[in-house]
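See below for model08.txt, which holds compact mmCIF, all heavy atoms.
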```
# COMPACT_ATOMS: atom_id res chain seq x y z
N MET A 1 3.08 -14.55 2.13
CA MET A 1 2.28 -13.86 3.13
C MET A 1 1.53 -14.91 3.96
O MET A 1 0.82 -15.74 3.43
CB MET A 1 1.29 -12.94 2.41
CG MET A 1 0.40 -12.15 3.33
SD MET A 1 -0.69 -11.00 2.47
CE MET A 1 0.50 -9.85 1.87
N GLY A 2 1.74 -14.86 5.27
CA GLY A 2 1.09 -15.84 6.13
C GLY A 2 -0.27 -15.38 6.62
O GLY A 2 -0.63 -14.22 6.55
N PHE A 3 -1.02 -16.32 7.12
CA PHE A 3 -2.35 -16.07 7.65
C PHE A 3 -2.21 -15.77 9.14
O PHE A 3 -1.75 -16.60 9.91
CB PHE A 3 -3.23 -17.28 7.38
CG PHE A 3 -4.59 -17.22 8.04
CD1 PHE A 3 -5.29 -16.04 8.15
CD2 PHE A 3 -5.17 -18.37 8.51
CE1 PHE A 3 -6.54 -15.99 8.74
CE2 PHE A 3 -6.43 -18.35 9.09
CZ PHE A 3 -7.10 -17.16 9.21
N ASP A 4 -2.59 -14.58 9.57
CA ASP A 4 -2.45 -14.14 10.95
C ASP A 4 -3.70 -14.51 11.74
O ASP A 4 -4.65 -13.74 11.84
CB ASP A 4 -2.20 -12.63 10.98
CG ASP A 4 -1.83 -12.14 12.37
OD1 ASP A 4 -2.05 -12.87 13.36
OD2 ASP A 4 -1.33 -11.00 12.45
N ARG A 5 -3.69 -15.70 12.32
CA ARG A 5 -4.84 -16.19 13.09
C ARG A 5 -5.10 -15.33 14.33
O ARG A 5 -6.24 -15.15 14.75
CB ARG A 5 -4.63 -17.65 13.50
CG ARG A 5 -4.70 -18.60 12.34
CD ARG A 5 -4.39 -20.02 12.82
NE ARG A 5 -4.14 -20.88 11.69
CZ ARG A 5 -5.03 -21.71 11.18
NH1 ARG A 5 -6.22 -21.79 11.71
NH2 ARG A 5 -4.72 -22.46 10.15
N ASP A 6 -4.04 -14.83 14.93
CA ASP A 6 -4.21 -14.00 16.13
C ASP A 6 -4.95 -12.71 15.80
O ASP A 6 -5.82 -12.27 16.57
CB ASP A 6 -2.85 -13.68 16.77
CG ASP A 6 -2.18 -14.91 17.37
OD1 ASP A 6 -2.91 -15.88 17.71
OD2 ASP A 6 -0.95 -14.91 17.49
N ALA A 7 -4.63 -12.09 14.66
CA ALA A 7 -5.32 -10.86 14.25
C ALA A 7 -6.80 -11.15 13.98
O ALA A 7 -7.67 -10.36 14.34
CB ALA A 7 -4.66 -10.26 13.02
N LEU A 8 -7.08 -12.29 13.34
CA LEU A 8 -8.47 -12.67 13.07
C LEU A 8 -9.22 -12.91 14.39
O LEU A 8 -10.32 -12.39 14.58
CB LEU A 8 -8.53 -13.92 12.19
CG LEU A 8 -9.93 -14.47 11.92
CD1 LEU A 8 -10.82 -13.42 11.26
CD2 LEU A 8 -9.85 -15.73 11.08
N ALA A 9 -8.61 -13.64 15.30
CA ALA A 9 -9.26 -13.92 16.59
C ALA A 9 -9.52 -12.62 17.36
O ALA A 9 -10.58 -12.45 17.95
CB ALA A 9 -8.40 -14.88 17.41
N ALA A 10 -8.57 -11.70 17.34
CA ALA A 10 -8.74 -10.43 18.04
C ALA A 10 -9.86 -9.61 17.40
O ALA A 10 -10.67 -8.99 18.11
CB ALA A 10 -7.43 -9.63 18.02
N ALA A 11 -9.93 -9.61 16.06
CA ALA A 11 -11.00 -8.87 15.38
C ALA A 11 -12.36 -9.46 15.69
O ALA A 11 -13.33 -8.73 15.93
CB ALA A 11 -10.74 -8.86 13.87
N VAL A 12 -12.46 -10.77 15.71
CA VAL A 12 -13.74 -11.43 16.03
C VAL A 12 -14.14 -11.12 17.47
O VAL A 12 -15.30 -10.81 17.75
CB VAL A 12 -13.66 -12.95 15.79
CG1 VAL A 12 -14.87 -13.66 16.36
CG2 VAL A 12 -13.52 -13.24 14.30
N ALA A 13 -13.18 -11.17 18.39
CA ALA A 13 -13.48 -10.88 19.79
C ALA A 13 -13.96 -9.44 19.96
O ALA A 13 -14.85 -9.17 20.77
CB ALA A 13 -12.24 -11.12 20.65
N ARG A 14 -13.41 -8.54 19.19
CA ARG A 14 -13.76 -7.13 19.34
C ARG A 14 -15.00 -6.73 18.56
O ARG A 14 -15.80 -5.91 19.01
CB ARG A 14 -12.58 -6.28 18.89
CG ARG A 14 -12.81 -4.82 19.08
CD ARG A 14 -11.56 -4.03 18.86
NE ARG A 14 -11.81 -2.65 19.22
CZ ARG A 14 -10.90 -1.75 19.41
NH1 ARG A 14 -9.64 -2.08 19.26
NH2 ARG A 14 -11.22 -0.53 19.73
N HIS A 15 -15.18 -7.30 17.34
CA HIS A 15 -16.23 -6.82 16.43
C HIS A 15 -17.34 -7.83 16.15
O HIS A 15 -18.32 -7.48 15.49
CB HIS A 15 -15.61 -6.39 15.10
CG HIS A 15 -14.53 -5.38 15.25
ND1 HIS A 15 -14.79 -4.07 15.60
CD2 HIS A 15 -13.19 -5.48 15.12
CE1 HIS A 15 -13.64 -3.40 15.68
NE2 HIS A 15 -12.66 -4.24 15.39
N GLY A 16 -17.20 -9.06 16.58
CA GLY A 16 -18.21 -10.07 16.27
C GLY A 16 -17.96 -10.67 14.90
O GLY A 16 -16.89 -11.19 14.65
N ARG A 17 -18.93 -10.55 14.02
CA ARG A 17 -18.80 -11.14 12.68
C ARG A 17 -17.72 -10.41 11.88
O ARG A 17 -17.75 -9.20 11.75
CB ARG A 17 -20.11 -11.07 11.93
CG ARG A 17 -21.20 -11.90 12.60
CD ARG A 17 -22.50 -11.75 11.91
NE ARG A 17 -22.51 -12.62 10.75
CZ ARG A 17 -23.52 -12.73 9.91
NH1 ARG A 17 -24.60 -12.00 10.08
NH2 ARG A 17 -23.47 -13.55 8.90
N VAL A 18 -16.78 -11.18 11.36
CA VAL A 18 -15.67 -10.65 10.58
C VAL A 18 -15.53 -11.50 9.32
O VAL A 18 -15.63 -12.72 9.37
CB VAL A 18 -14.35 -10.68 11.38
CG1 VAL A 18 -13.17 -10.26 10.52
CG2 VAL A 18 -14.46 -9.81 12.61
N THR A 19 -15.30 -10.83 8.20
CA THR A 19 -15.05 -11.54 6.95
C THR A 19 -13.60 -11.33 6.55
O THR A 19 -13.08 -10.21 6.63
CB THR A 19 -15.96 -11.00 5.82
OG1 THR A 19 -17.32 -11.22 6.19
CG2 THR A 19 -15.68 -11.68 4.50
N ARG A 20 -12.94 -12.40 6.14
CA ARG A 20 -11.57 -12.30 5.63
C ARG A 20 -11.65 -12.35 4.11
O ARG A 20 -12.15 -13.31 3.53
CB ARG A 20 -10.72 -13.46 6.15
CG ARG A 20 -9.28 -13.37 5.71
CD ARG A 20 -8.42 -14.39 6.46
NE ARG A 20 -7.05 -14.29 6.05
CZ ARG A 20 -6.45 -15.15 5.22
NH1 ARG A 20 -7.11 -16.19 4.75
NH2 ARG A 20 -5.20 -14.96 4.88
N VAL A 21 -11.19 -11.29 3.46
CA VAL A 21 -11.20 -11.18 2.00
C VAL A 21 -9.80 -11.47 1.51
O VAL A 21 -8.83 -10.86 1.99
CB VAL A 21 -11.63 -9.76 1.57
CG1 VAL A 21 -11.63 -9.65 0.05
CG2 VAL A 21 -12.99 -9.40 2.14
N VAL A 22 -9.67 -12.42 0.57
CA VAL A 22 -8.36 -12.83 0.08
C VAL A 22 -8.36 -12.83 -1.44
O VAL A 22 -9.32 -13.31 -2.06
CB VAL A 22 -8.01 -14.26 0.56
CG1 VAL A 22 -6.65 -14.70 0.05
CG2 VAL A 22 -8.07 -14.35 2.07
N ILE A 23 -7.31 -12.32 -2.05
CA ILE A 23 -7.16 -12.45 -3.50
C ILE A 23 -6.66 -13.87 -3.76
O ILE A 23 -5.53 -14.21 -3.40
CB ILE A 23 -6.19 -11.41 -4.06
CG1 ILE A 23 -6.75 -10.01 -3.86
CG2 ILE A 23 -5.93 -11.68 -5.56
CD1 ILE A 23 -5.90 -8.89 -4.37
N ALA A 24 -7.52 -14.69 -4.33
CA ALA A 24 -7.20 -16.10 -4.56
C ALA A 24 -6.59 -16.34 -5.93
O ALA A 24 -5.82 -17.29 -6.11
CB ALA A 24 -8.45 -16.94 -4.40
N ALA A 25 -6.94 -15.52 -6.90
CA ALA A 25 -6.42 -15.68 -8.26
C ALA A 25 -6.50 -14.34 -8.97
O ALA A 25 -7.31 -13.49 -8.59
CB ALA A 25 -7.22 -16.73 -9.03
N ILE A 26 -5.67 -14.17 -9.96
CA ILE A 26 -5.66 -12.93 -10.73
C ILE A 26 -5.79 -13.27 -12.21
O ILE A 26 -5.13 -14.18 -12.70
CB ILE A 26 -4.35 -12.15 -10.50
CG1 ILE A 26 -4.24 -11.73 -9.04
CG2 ILE A 26 -4.27 -10.93 -11.42
CD1 ILE A 26 -2.90 -11.15 -8.68
N GLN A 27 -6.66 -12.53 -12.86
CA GLN A 27 -6.80 -12.64 -14.30
C GLN A 27 -6.73 -11.21 -14.83
O GLN A 27 -7.62 -10.40 -14.54
CB GLN A 27 -8.11 -13.30 -14.67
CG GLN A 27 -8.25 -13.63 -16.13
CD GLN A 27 -9.50 -14.45 -16.40
OE1 GLN A 27 -10.48 -14.38 -15.67
NE2 GLN A 27 -9.45 -15.24 -17.45
N GLY A 28 -5.69 -10.87 -15.54
CA GLY A 28 -5.49 -9.48 -15.95
C GLY A 28 -4.64 -8.77 -14.91
O GLY A 28 -3.82 -9.36 -14.25
N SER A 29 -4.88 -7.47 -14.75
CA SER A 29 -4.08 -6.70 -13.79
C SER A 29 -4.76 -6.68 -12.43
O SER A 29 -5.96 -6.86 -12.30
CB SER A 29 -3.89 -5.28 -14.31
OG SER A 29 -5.13 -4.62 -14.37
N SER A 30 -3.94 -6.45 -11.41
CA SER A 30 -4.44 -6.40 -10.04
C SER A 30 -3.53 -5.49 -9.23
O SER A 30 -2.31 -5.50 -9.43
CB SER A 30 -4.44 -7.80 -9.43
OG SER A 30 -4.75 -7.75 -8.06
N PRO A 31 -4.10 -4.72 -8.31
CA PRO A 31 -3.26 -3.84 -7.49
C PRO A 31 -2.44 -4.60 -6.45
O PRO A 31 -1.49 -4.07 -5.91
CB PRO A 31 -4.27 -2.91 -6.81
CG PRO A 31 -5.53 -3.69 -6.78
CD PRO A 31 -5.52 -4.53 -8.03
N ARG A 32 -2.80 -5.85 -6.15
CA ARG A 32 -2.08 -6.65 -5.16
C ARG A 32 -1.88 -8.06 -5.68
O ARG A 32 -2.49 -8.50 -6.65
CB ARG A 32 -2.87 -6.70 -3.84
CG ARG A 32 -3.02 -5.39 -3.10
CD ARG A 32 -1.73 -4.88 -2.43
NE ARG A 32 -1.11 -5.85 -1.55
CZ ARG A 32 -1.38 -6.00 -0.26
NH1 ARG A 32 -2.28 -5.24 0.32
NH2 ARG A 32 -0.75 -6.90 0.45
N GLU A 33 -1.05 -8.81 -4.97
CA GLU A 33 -0.69 -10.16 -5.36
C GLU A 33 -1.67 -11.19 -4.79
O GLU A 33 -2.41 -10.90 -3.86
CB GLU A 33 0.73 -10.47 -4.87
CG GLU A 33 0.86 -10.62 -3.35
CD GLU A 33 0.84 -9.31 -2.56
OE1 GLU A 33 0.87 -8.21 -3.16
OE2 GLU A 33 0.75 -9.39 -1.32
N VAL A 34 -1.65 -12.38 -5.37
CA VAL A 34 -2.43 -13.50 -4.83
C VAL A 34 -2.00 -13.70 -3.38
O VAL A 34 -0.81 -13.69 -3.06
CB VAL A 34 -2.21 -14.78 -5.66
CG1 VAL A 34 -2.81 -16.00 -4.96
CG2 VAL A 34 -2.82 -14.62 -7.04
N GLY A 35 -2.96 -13.85 -2.50
CA GLY A 35 -2.69 -14.04 -1.08
C GLY A 35 -2.88 -12.78 -0.25
O GLY A 35 -2.97 -12.85 0.96
N ALA A 36 -2.93 -11.62 -0.91
CA ALA A 36 -3.19 -10.37 -0.18
C ALA A 36 -4.55 -10.50 0.48
O ALA A 36 -5.49 -11.03 -0.10
CB ALA A 36 -3.15 -9.17 -1.12
N ALA A 37 -4.67 -10.02 1.72
CA ALA A 37 -5.91 -10.22 2.47
C ALA A 37 -6.23 -9.01 3.33
O ALA A 37 -5.37 -8.19 3.64
CB ALA A 37 -5.79 -11.47 3.35
N MET A 38 -7.49 -8.93 3.72
CA MET A 38 -7.95 -7.90 4.64
C MET A 38 -9.09 -8.48 5.46
O MET A 38 -9.72 -9.46 5.07
CB MET A 38 -8.40 -6.65 3.90
CG MET A 38 -9.61 -6.85 3.02
SD MET A 38 -10.02 -5.41 2.00
CE MET A 38 -10.57 -4.25 3.22
N LEU A 39 -9.34 -7.89 6.62
CA LEU A 39 -10.48 -8.25 7.45
C LEU A 39 -11.49 -7.13 7.37
O LEU A 39 -11.12 -5.95 7.39
CB LEU A 39 -10.04 -8.45 8.90
CG LEU A 39 -8.98 -9.52 9.15
CD1 LEU A 39 -8.58 -9.53 10.63
CD2 LEU A 39 -9.46 -10.88 8.71
N VAL A 40 -12.76 -7.49 7.27
CA VAL A 40 -13.84 -6.51 7.17
C VAL A 40 -14.93 -6.85 8.17
O VAL A 40 -15.30 -8.02 8.32
CB VAL A 40 -14.45 -6.51 5.73
CG1 VAL A 40 -15.55 -5.47 5.62
CG2 VAL A 40 -13.37 -6.28 4.69
N TRP A 41 -15.44 -5.83 8.86
CA TRP A 41 -16.57 -6.00 9.77
C TRP A 41 -17.47 -4.80 9.61
O TRP A 41 -17.10 -3.82 8.95
CB TRP A 41 -16.09 -6.15 11.22
CG TRP A 41 -15.19 -5.04 11.66
CD1 TRP A 41 -15.57 -3.83 12.18
CD2 TRP A 41 -13.77 -5.00 11.61
NE1 TRP A 41 -14.49 -3.05 12.47
CE2 TRP A 41 -13.35 -3.76 12.11
CE3 TRP A 41 -12.79 -5.90 11.19
CZ2 TRP A 41 -12.02 -3.40 12.21
CZ3 TRP A 41 -11.46 -5.52 11.29
CH2 TRP A 41 -11.09 -4.30 11.79
N GLU A 42 -18.65 -4.87 10.17
CA GLU A 42 -19.58 -3.76 10.04
C GLU A 42 -18.95 -2.48 10.60
O GLU A 42 -18.57 -2.42 11.76
CB GLU A 42 -20.88 -4.06 10.79
CG GLU A 42 -21.94 -3.01 10.55
CD GLU A 42 -23.28 -3.36 11.15
OE1 GLU A 42 -23.50 -4.54 11.52
OE2 GLU A 42 -24.12 -2.46 11.25
N GLY A 43 -18.77 -1.52 9.74
CA GLY A 43 -18.22 -0.23 10.15
C GLY A 43 -16.71 -0.13 10.16
O GLY A 43 -16.17 0.87 10.61
N GLY A 44 -16.01 -1.17 9.69
CA GLY A 44 -14.55 -1.06 9.72
C GLY A 44 -13.83 -2.13 8.94
O GLY A 44 -14.44 -3.04 8.38
N GLN A 45 -12.51 -2.00 8.93
CA GLN A 45 -11.66 -2.95 8.23
C GLN A 45 -10.25 -2.89 8.77
O GLN A 45 -9.87 -1.93 9.44
CB GLN A 45 -11.63 -2.67 6.73
CG GLN A 45 -10.87 -1.40 6.38
CD GLN A 45 -10.92 -1.09 4.91
OE1 GLN A 45 -11.99 -0.99 4.34
NE2 GLN A 45 -9.78 -0.93 4.30
N SER A 46 -9.47 -3.90 8.45
CA SER A 46 -8.05 -3.94 8.79
C SER A 46 -7.32 -4.52 7.60
O SER A 46 -7.72 -5.56 7.06
CB SER A 46 -7.83 -4.82 10.03
OG SER A 46 -6.46 -4.97 10.29
N GLY A 47 -6.25 -3.88 7.18
CA GLY A 47 -5.52 -4.34 6.02
C GLY A 47 -6.14 -3.82 4.74
O GLY A 47 -7.08 -3.01 4.78
N THR A 48 -5.61 -4.28 3.61
CA THR A 48 -6.11 -3.84 2.32
C THR A 48 -5.81 -4.87 1.24
O THR A 48 -4.83 -5.59 1.33
CB THR A 48 -5.50 -2.47 1.92
OG1 THR A 48 -6.02 -2.07 0.66
CG2 THR A 48 -3.99 -2.53 1.83
N ILE A 49 -6.69 -4.94 0.28
CA ILE A 49 -6.39 -5.69 -0.94
C ILE A 49 -6.06 -4.72 -2.06
O ILE A 49 -5.89 -5.09 -3.19
CB ILE A 49 -7.51 -6.67 -1.34
CG1 ILE A 49 -8.84 -5.94 -1.53
CG2 ILE A 49 -7.63 -7.80 -0.32
CD1 ILE A 49 -9.92 -6.79 -2.15
N GLY A 50 -5.99 -3.42 -1.69
CA GLY A 50 -5.49 -2.38 -2.57
C GLY A 50 -6.35 -2.07 -3.78
O GLY A 50 -5.80 -1.76 -4.83
N GLY A 51 -7.66 -2.13 -3.67
CA GLY A 51 -8.46 -1.93 -4.85
C GLY A 51 -9.39 -0.76 -4.85
O GLY A 51 -10.24 -0.67 -5.73
N GLY A 52 -9.29 0.17 -3.94
CA GLY A 52 -10.15 1.34 -3.94
C GLY A 52 -11.62 0.98 -3.93
O GLY A 52 -12.23 0.81 -2.89
N ALA A 53 -12.22 0.84 -5.12
CA ALA A 53 -13.65 0.52 -5.23
C ALA A 53 -13.98 -0.87 -4.68
O ALA A 53 -15.11 -1.13 -4.29
CB ALA A 53 -14.11 0.62 -6.69
N LEU A 54 -12.99 -1.77 -4.67
CA LEU A 54 -13.22 -3.11 -4.13
C LEU A 54 -13.47 -3.04 -2.64
O LEU A 54 -14.14 -3.88 -2.07
CB LEU A 54 -12.03 -4.02 -4.40
CG LEU A 54 -11.76 -4.36 -5.84
CD1 LEU A 54 -10.44 -5.14 -5.97
CD2 LEU A 54 -12.89 -5.18 -6.42
N GLU A 55 -12.90 -2.06 -1.98
CA GLU A 55 -13.01 -1.94 -0.54
C GLU A 55 -14.15 -1.01 -0.18
O GLU A 55 -14.56 -0.87 0.89
CB GLU A 55 -11.71 -1.45 0.05
CG GLU A 55 -10.61 -2.46 -0.21
CD GLU A 55 -9.23 -1.94 0.17
OE1 GLU A 55 -9.12 -0.92 0.85
OE2 GLU A 55 -8.26 -2.57 -0.23
```

As structure tokens, how would this structure be written, given the file I've shared?
Amino acid sequence: MGFDRDALAAAVARHGRVTRVVIAAIQGSSPREVGAAMLVWEGGQSGTIGGGALE
């Protein structure tokens, strides 16, 4: 899974402060693989790390 810099730049341009959340390591079970990522900003998000309560 590659890092989509254009999507990050577009989100920052539209929403201001944006956080990129990435699964860096797994210990035990996980709904997604290492490298799964999402963008989060106040009032919204793009993508998923597939964790329900995590999001």

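Proximity of A:Ser46, A:Gly35, A:Ser30, A:Trp41 to His15 of chain A, computed with all atoms listed in the file, is greatest for A:Trp41.
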
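Going from atom CA of Ile23 of chain A over to atom CA of Ala36 of chain A, you cover 5.6 Å.
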
Give, as AutoDock Vina command-line options, the centre coordinates and the x, y and z edge lengths in Å to one decimal for an axis-aligned box around all listed atoms of segment 18-26 of chain A, padded by 3 Å on each side.
```
--center_x -10.1 --center_y -13.1 --center_z 0.0 --size_x 20.4 --size_y 14.4 --size_z 31.3
```

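For chain A, a DSSP pass over the backbone yields helix (DSSP H, G or I) at Arg5, Asp6, Ala7, Leu8, Ala9, Ala10, Ala11, Val12, Ala13, Arg14, His15, Gly52, Ala53 and Leu54 of chain A.
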
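Atom C of Val40 of chain A sits 5.4 Å away from atom CG2 of Val18 of chain A.
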
Residue among A:Asp4, A:Gly16, A:Thr48, A:Ala10 lying closest to Arg32 of chain A, counting only C-alpha atoms: A:Thr48

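When only C-alpha atoms are used to compute distances to Leu8 of chain A, the closest of the residues A:Glu33, A:Leu39, A:Gln45, A:Gly28 turns out to be A:Leu39.
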
Which of chain A fall in strand (DSSP E), as a VMD selection string: chain A and resid 19 to 22 37 to 41 44 to 47

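Picture a line from atom N of Arg14 of chain A to atom CA of Ala37 of chain A; it runs 18.4 Å.
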